[in-house]
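Visitor: Have a look at the structure that comes next, please.
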Amino acid sequence: MKILTFVKQILDSEAKISLKEDKRSLNFEERFSLNFFDEFAIEEAVRIKEKISNCEVVAISLGSKKAQEVLRTAIAMGADKAVLIETERYEILDPSYTAKVLSAFAQREGFHMIICGERAMDDENGVTGALVGGYLKIPYVGSVVRLEIEGEGKAVAESEINGSFCLYEVTLPAVFSVRKGINEPRVPSVTGVMKAMKMKIPVLEVSSLSPPTSKTQIESYDFPEKRPQVKIIEGATPEEKVKKLITLLREEAKVI
Amino acid sequence: MDFKLTEEQEFFRKTIKETVDRMIVPKAREIDEKDEFPWDLWREFAKLGYLGLRYPVEIGGMNADKIMCMIFYEEITRGSVGFAQSVIMNILMGTYFIYRFGSESIKERCLYPAMRGEKIATICFTEDQSGSDLAATRTRVTKDGNGWRINGTKMWITNGPICDFCTVLATVDPSLGLKGLNFFLVEKGTPGFSSGQILHKLGCRGTVTGELIFDNVWVPDENFLGEELGKGVQYVGEILDEVRLMTGAMALGLARAAYEEGLEFARKRVAFGQPIGKFQLIREKFAEMDALMNAARLLVYYGAWLLENGKDARVIAAEAKMFATEVCLKVVDEVTRIYGANAFAYEYNPQRYFRDARFLLYGGGTHEVLKDFIGRSIIGKL
């Protein structure tokens with residue numbers, strides 16, 4: 001069995017970001033991390049590998065050279081191989097572009113399962129897994145919180161949708177996007193860390209996978225509007241405070 | 001000149017940082033408050049394999065270079081000084097002489113289990129009347145048949161009350177001073193070997209520190225750790241620089257923990273209608289702390305680079321230990337000022353950092369001793 005897992009390097013949530021003058025691109029501090037949801041995907045792939053014999057986990061990332069870091073994390077957690085599909089730019093890529101490239105790679109590499117995180121924390125699109133399933137014309141199950149291999153070429157996946165659960169029997173090959181709660185990602189052991197440190201990660205040029213032209217492009221970024229300052233209403237009693245509040249809502253905010 | 005970490009070292013830093021953030025940081029306050037050895041965390045952490053950090057891969061270690069060792073010491077201390085102290089004791093001082101001189105059967109009994117976290121190791125230098133002044137060691141060892149008899153009491157022993165084995169510094173004759181000192185292995189359960197008073201410390205809590213008593217303890221010849229008698233101090237010299245740099249790296253880790261918390265506080269805490277980070281006097285504190293921490297980091301990692309490349313690191317290691325620890329004391333102090341009265345409450349972390357920083361003053365040489373050594377080395381014999 002061969003499991004592919006897609007991992008994405010995203011800007012760390014604490015990295016400082018500012019807009020460039022053209023407002024279409026960003027200046028950012030070089031602080032990156034592995035997409036939170038992809039940790040669950042790696043862990044799930046590795047757990048399946050540990051349960052069945054003859055199973056290989058391959059982690060793939062579409063990103064800049066720096067993205068090798070997240071692939072090393074996948075190796076440290078237990079993936080057997082990693083491949084970087086290199087693109088020069090770090091920016092939010094059109095999900096259909098990403099999905100096309102990853103599908104082309106998956107087709108070339110061969111696989112029985114693809115496991116990915118349900119969404120990336122930077123663009124929050126959450127469609128790459130589904131698009132890959134579509135492009136490859138294979139089943140896709142999203143929001144997976146339990147995943148089991150059942151006999152030859154079958155898997156059972158449980159999805160969580162609006163607080164209820166849906167059970168799928170899926171014929172492999174298939175794509176699964178997993179969400180928080182499916183497992184507890186492991187802390188890499190020294191053996192894994194050493195393997196990851198030494199591993200030479202193959203790099204593929206994105207051009208070798210016939211990337212399509214992006215269907216969307218970023219017109220501009222903007223900051224959310226600044227929230228008005230909080231006004232604390234003073235008053236000796238709750239009644240007095242409420243009276244003042246009503247006056248302000250009526251006369252200043254003009255909402256009542 | 002190249003100040004960059006290699007890609008491997010960078011990856012190691014990121015991984016150990018994330019490990020510390022997940023496993024240790026959330027338990028640091030509890031470790032300090034309970035002041036008990038955190039057995040569960042110890043077992044969980046040991047499973048990852050870091051306790052073999054500096055030993056060869058062939059015996060189950062990681063064969064980390066000196067830069068990686070410093071990264072490890074810094075990061076784990078950023079999580080909890082108390083836990084770090086116990087871990088580092090197993091990794092470095094508690095096992096070094098056994099790795100270096102122990103027979104295969106001793107290694108099977110002590111070193112390999114310690115690398116797996118199944119046994120707790122320690123080293124015994126200090127006595128009630130001797131610390132930096134090793135020549136004043138009074139624990140006595142005498143030849144007895146095909147073994148050695150040890151008598152004395154050691155104090156301030158990290159992991160002492162819970163250790164499974166210890167490396168003991170003892171003298172064959174106090175009048176020989178430094179030339180009389182030798183190391184011996186004593187294992188738990190050896191008749192006459194016991195634990196005495198447990199010390200209640202201001203900081204570095206969670207590490208159990210105390211007294212070890214050697215009352216007519218007999219150990220076989222195999223337990224003499226050395227090639228020839230009287231070379232104990234020379235053997236100490238083999239790891240002294242690493243111990244000093246390690247303490248400097250620990251100071252950096254603790255300073256960072258305090259600094260990062262202070263920074264978050266300065267950005268969020270509002271006074272006089274604006275975040276206090278907008279006030280120039282608070283900015284000045286960060287400017288000074290940042291500059292000092294950068295300088296300390298350069299010194300510690302330069303020392304590690306010297307060691308890794310087989311160069312003389314004696315003066316730089318002493319300077320790094322002294323400077324980084326003083327920087328750490330300055331940073332934890334400034335952070336308590338940034339926190340204001342909240343820093344005085346046990347509910348917030350700065351008081352813990354403030355207490356823990358004091359601990360780093362003593363190990364690896366007091367600063368008075370280090371300054372004297374550095375000064376002597378610079379001026380030379382007159």
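We name chains A, B, ... following the order of the structure tokens; residues begin at 1 in each chain, and ligands are numbered from 1 as shown.
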Residues near Ser64 (chain A), anyone? I mean within 6 Å using only C-alpha atoms, not counting same-chain ones fewer than 3 positions away, as a PyMOL selection string.
Guide: chain A and resi 67+86-88
Visitor: Which of region 11-76 of chain A counts as alpha helix (DSSP H) under DSSP, as a PDB file with C-alpha atoms, in the first residue's frame please?
Guide:
ATOM      1  CA  PHE A  36      -1.706  22.613  11.601  1.00  0.00           C
ATOM      2  CA  PHE A  37      -4.159  20.235   9.861  1.00  0.00           C
ATOM      3  CA  ASP A  38      -1.426  18.496   7.881  1.00  0.00           C
ATOM      4  CA  GLU A  39       0.069  17.154  11.116  1.00  0.00           C
ATOM      5  CA  PHE A  40      -3.095  15.087  11.533  1.00  0.00           C
ATOM      6  CA  ALA A  41      -2.774  13.840   7.956  1.00  0.00           C
ATOM      7  CA  ILE A  42       0.844  12.728   8.456  1.00  0.00           C
ATOM      8  CA  GLU A  43       0.004  11.087  11.761  1.00  0.00           C
ATOM      9  CA  GLU A  44      -2.939   9.216  10.251  1.00  0.00           C
ATOM     10  CA  ALA A  45      -0.853   7.969   7.329  1.00  0.00           C
ATOM     11  CA  VAL A  46       1.884   6.788   9.687  1.00  0.00           C
ATOM     12  CA  ARG A  47      -0.634   5.060  11.970  1.00  0.00           C
ATOM     13  CA  ILE A  48      -2.064   3.151   9.017  1.00  0.00           C
ATOM     14  CA  LYS A  49       1.483   2.196   8.003  1.00  0.00           C
ATOM     15  CA  GLU A  50       2.156   0.896  11.493  1.00  0.00           C
ATOM     16  CA  LYS A  51      -0.974  -1.273  11.403  1.00  0.00           C
ATOM     17  CA  GLN A  68      11.881  21.048   2.852  1.00  0.00           C
ATOM     18  CA  GLU A  69      11.572  21.808   6.569  1.00  0.00           C
ATOM     19  CA  VAL A  70       7.973  20.579   6.765  1.00  0.00           C
ATOM     20  CA  LEU A  71       8.890  17.527   4.726  1.00  0.00           C
ATOM     21  CA  ARG A  72      11.625  16.771   7.247  1.00  0.00           C
ATOM     22  CA  THR A  73       9.019  17.026   9.992  1.00  0.00           C
ATOM     23  CA  ALA A  74       6.916  14.461   8.105  1.00  0.00           C
ATOM     24  CA  ILE A  75       9.946  12.159   7.903  1.00  0.00           C
ATOM     25  CA  ALA A  76      10.676  12.692  11.602  1.00  0.00           C
TER      26      ALA A  76
END
Visitor: Kindly assemble as CSV a list of the chain B residues that lie within 8 Å of chain A, each paired with its nearest atom pair and their distance in Å to one decimal, using only C-alpha atoms, sorted first by chain and then by ascending residue number.
Guide:
residue,atom,partner,partner_atom,distance
B:Glu8,CA,A:Met197,CA,5.0
B:Phe11,CA,A:Glu69,CA,6.6
B:Phe12,CA,A:Val193,CA,7.2
B:Thr15,CA,A:Thr73,CA,7.6
B:Thr19,CA,A:Val187,CA,6.2
B:Lys47,CA,A:Ser189,CA,7.5
B:Leu48,CA,A:Ser189,CA,4.2
B:Gly49,CA,A:Val190,CA,5.1
B:Tyr50,CA,A:Val190,CA,6.0
B:Met62,CA,A:Val190,CA,7.1
Visitor: Skipping near chain neighbours, those fewer than 5 positions away, what residues fall within 12 Å of Ala106 (chain A) using only C-alpha atoms, listed as JSON, numbers by chain?
Guide: {"A": [2, 3, 4, 5, 6, 58, 59, 60, 61, 83, 85, 99, 100, 101, 111, 112, 113, 114, 115, 132, 133, 135, 136, 138, 173, 174, 175, 209]}
Visitor: List the spatial neighbours of Val20 (chain B) as a list in words - criterion: any atom at most 8 Å away, only C-alpha atoms, same-chain residues fewer than 6 positions off excluded.
Guide: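 Using only C-alpha atoms, the neighbours found are Glu75, Ile76 and Gly79 of chain B.
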Visitor: Env of Ser13 (chain A): 9 Å cut, atoms = only C-alpha atoms, seq-sep filter 5 positions within chain, self excluded. Answer as a PyMOL selection string.
Guide: chain A and resi 31-33+121-122
Visitor: Can you list, as an NGL selection string, every protein, DNA or RNA residue that comes within 10 Å of Val81 (chain B) when you count only C-alpha atoms, leaving out same-chain residues fewer than 6 positions away?
Guide: :B and (28 or 31-32 or 73-74 or 87 or 203-207 or 250-251 or 253-254 or 352-353 or 356-357 or 359-360)
Visitor: Take the residues that were just selected and, keeping N, CA and C atoms, output them as a JSON list (two decimals), in the first residue's frame.
Guide:
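File produced: out.json:
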[["chain", "number", "residue", "atom", "x", "y", "z"],
["B", 28, "ALA", "N", 5.48, 23.28, 33.23],
["B", 28, "ALA", "CA", 6.55, 23.94, 33.97],
["B", 28, "ALA", "C", 6.08, 24.52, 35.30],
["B", 31, "ILE", "N", 5.50, 21.75, 37.84],
["B", 31, "ILE", "CA", 6.77, 21.19, 38.31],
["B", 31, "ILE", "C", 7.34, 22.07, 39.42],
["B", 32, "ASP", "N", 7.30, 23.38, 39.18],
["B", 32, "ASP", "CA", 7.84, 24.33, 40.15],
["B", 32, "ASP", "C", 7.01, 24.32, 41.44],
["B", 73, "TYR", "N", 20.29, 22.18, 25.09],
["B", 73, "TYR", "CA", 20.33, 22.71, 26.46],
["B", 73, "TYR", "C", 19.51, 24.01, 26.56],
["B", 74, "GLU", "N", 19.65, 24.86, 25.54],
["B", 74, "GLU", "CA", 18.93, 26.14, 25.56],
["B", 74, "GLU", "C", 17.43, 25.92, 25.50],
["B", 87, "VAL", "N", 17.49, 16.32, 33.33],
["B", 87, "VAL", "CA", 17.75, 15.71, 32.02],
["B", 87, "VAL", "C", 19.23, 15.87, 31.66],
["B", 203, "GLY", "N", 14.87, 28.03, 43.71],
["B", 203, "GLY", "CA", 14.50, 27.83, 42.30],
["B", 203, "GLY", "C", 14.95, 26.47, 41.83],
["B", 204, "CYS", "N", 14.82, 26.25, 40.52],
["B", 204, "CYS", "CA", 15.19, 24.96, 39.94],
["B", 204, "CYS", "C", 14.45, 23.84, 40.68],
["B", 205, "ARG", "N", 13.20, 24.13, 41.00],
["B", 205, "ARG", "CA", 12.41, 23.14, 41.74],
["B", 205, "ARG", "C", 11.92, 22.05, 40.79],
["B", 206, "GLY", "N", 11.70, 20.87, 41.35],
["B", 206, "GLY", "CA", 11.33, 19.73, 40.51],
["B", 206, "GLY", "C", 12.53, 18.82, 40.30],
["B", 207, "THR", "N", 13.72, 19.41, 40.36],
["B", 207, "THR", "CA", 14.93, 18.60, 40.42],
["B", 207, "THR", "C", 15.14, 18.29, 41.89],
["B", 250, "MET", "N", 21.90, 27.19, 29.08],
["B", 250, "MET", "CA", 20.72, 27.14, 29.96],
["B", 250, "MET", "C", 20.27, 28.56, 30.32],
["B", 251, "ALA", "N", 21.25, 29.42, 30.60],
["B", 251, "ALA", "CA", 20.93, 30.81, 30.94],
["B", 251, "ALA", "C", 20.23, 31.49, 29.77],
["B", 253, "GLY", "N", 18.41, 30.03, 27.50],
["B", 253, "GLY", "CA", 17.06, 29.47, 27.39],
["B", 253, "GLY", "C", 16.11, 30.11, 28.38],
["B", 254, "LEU", "N", 16.59, 30.25, 29.62],
["B", 254, "LEU", "CA", 15.73, 30.85, 30.65],
["B", 254, "LEU", "C", 15.48, 32.32, 30.33],
["B", 352, "ARG", "N", 8.91, 32.93, 38.88],
["B", 352, "ARG", "CA", 9.62, 31.65, 38.75],
["B", 352, "ARG", "C", 10.95, 31.85, 38.01],
["B", 353, "TYR", "N", 10.88, 32.63, 36.93],
["B", 353, "TYR", "CA", 12.11, 32.90, 36.18],
["B", 353, "TYR", "C", 13.14, 33.60, 37.09],
["B", 356, "ASP", "N", 14.55, 31.02, 39.43],
["B", 356, "ASP", "CA", 15.36, 30.01, 38.73],
["B", 356, "ASP", "C", 16.72, 30.55, 38.29],
["B", 357, "ALA", "N", 16.73, 31.83, 37.91],
["B", 357, "ALA", "CA", 17.97, 32.40, 37.37],
["B", 357, "ALA", "C", 19.11, 32.34, 38.39],
["B", 359, "PHE", "N", 19.85, 30.05, 40.37],
["B", 359, "PHE", "CA", 20.45, 28.71, 40.41],
["B", 359, "PHE", "C", 21.66, 28.61, 39.48],
["B", 360, "LEU", "N", 21.59, 29.32, 38.35],
["B", 360, "LEU", "CA", 22.64, 29.18, 37.34],
["B", 360, "LEU", "C", 23.95, 29.86, 37.75]]
Visitor: Would you mind reading off the distance between CA of Lys195 (chain A) and CA of Lys17 (chain B), one decimal, in Å?
Guide: 17.8 Å
Visitor: Quick check, in Å to one decimal: how far apart do CA of Phe37 (chain B) and CA of Thr209 (chain B) lie?
Guide: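 CA of Phe37 (chain B) sits 10.0 Å away from CA of Thr209 (chain B).
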Visitor: Rounded to one decimal in Å, what is the spacing between CA of Asp241 (chain B) and CA of Met293 (chain B)?
Guide: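 So the two atoms, CA of Asp241 (chain B) and CA of Met293 (chain B), lie 20.2 Å apart.
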Visitor: Determine, counting only C-alpha atoms, which protein, DNA and RNA residues have an atom within 10 Å of an atom of Gln129 (chain B); residues of the same chain fewer than 6 positions away are not included. Present the result as number ranges by chain.
Guide: B: 136-138, 154-155
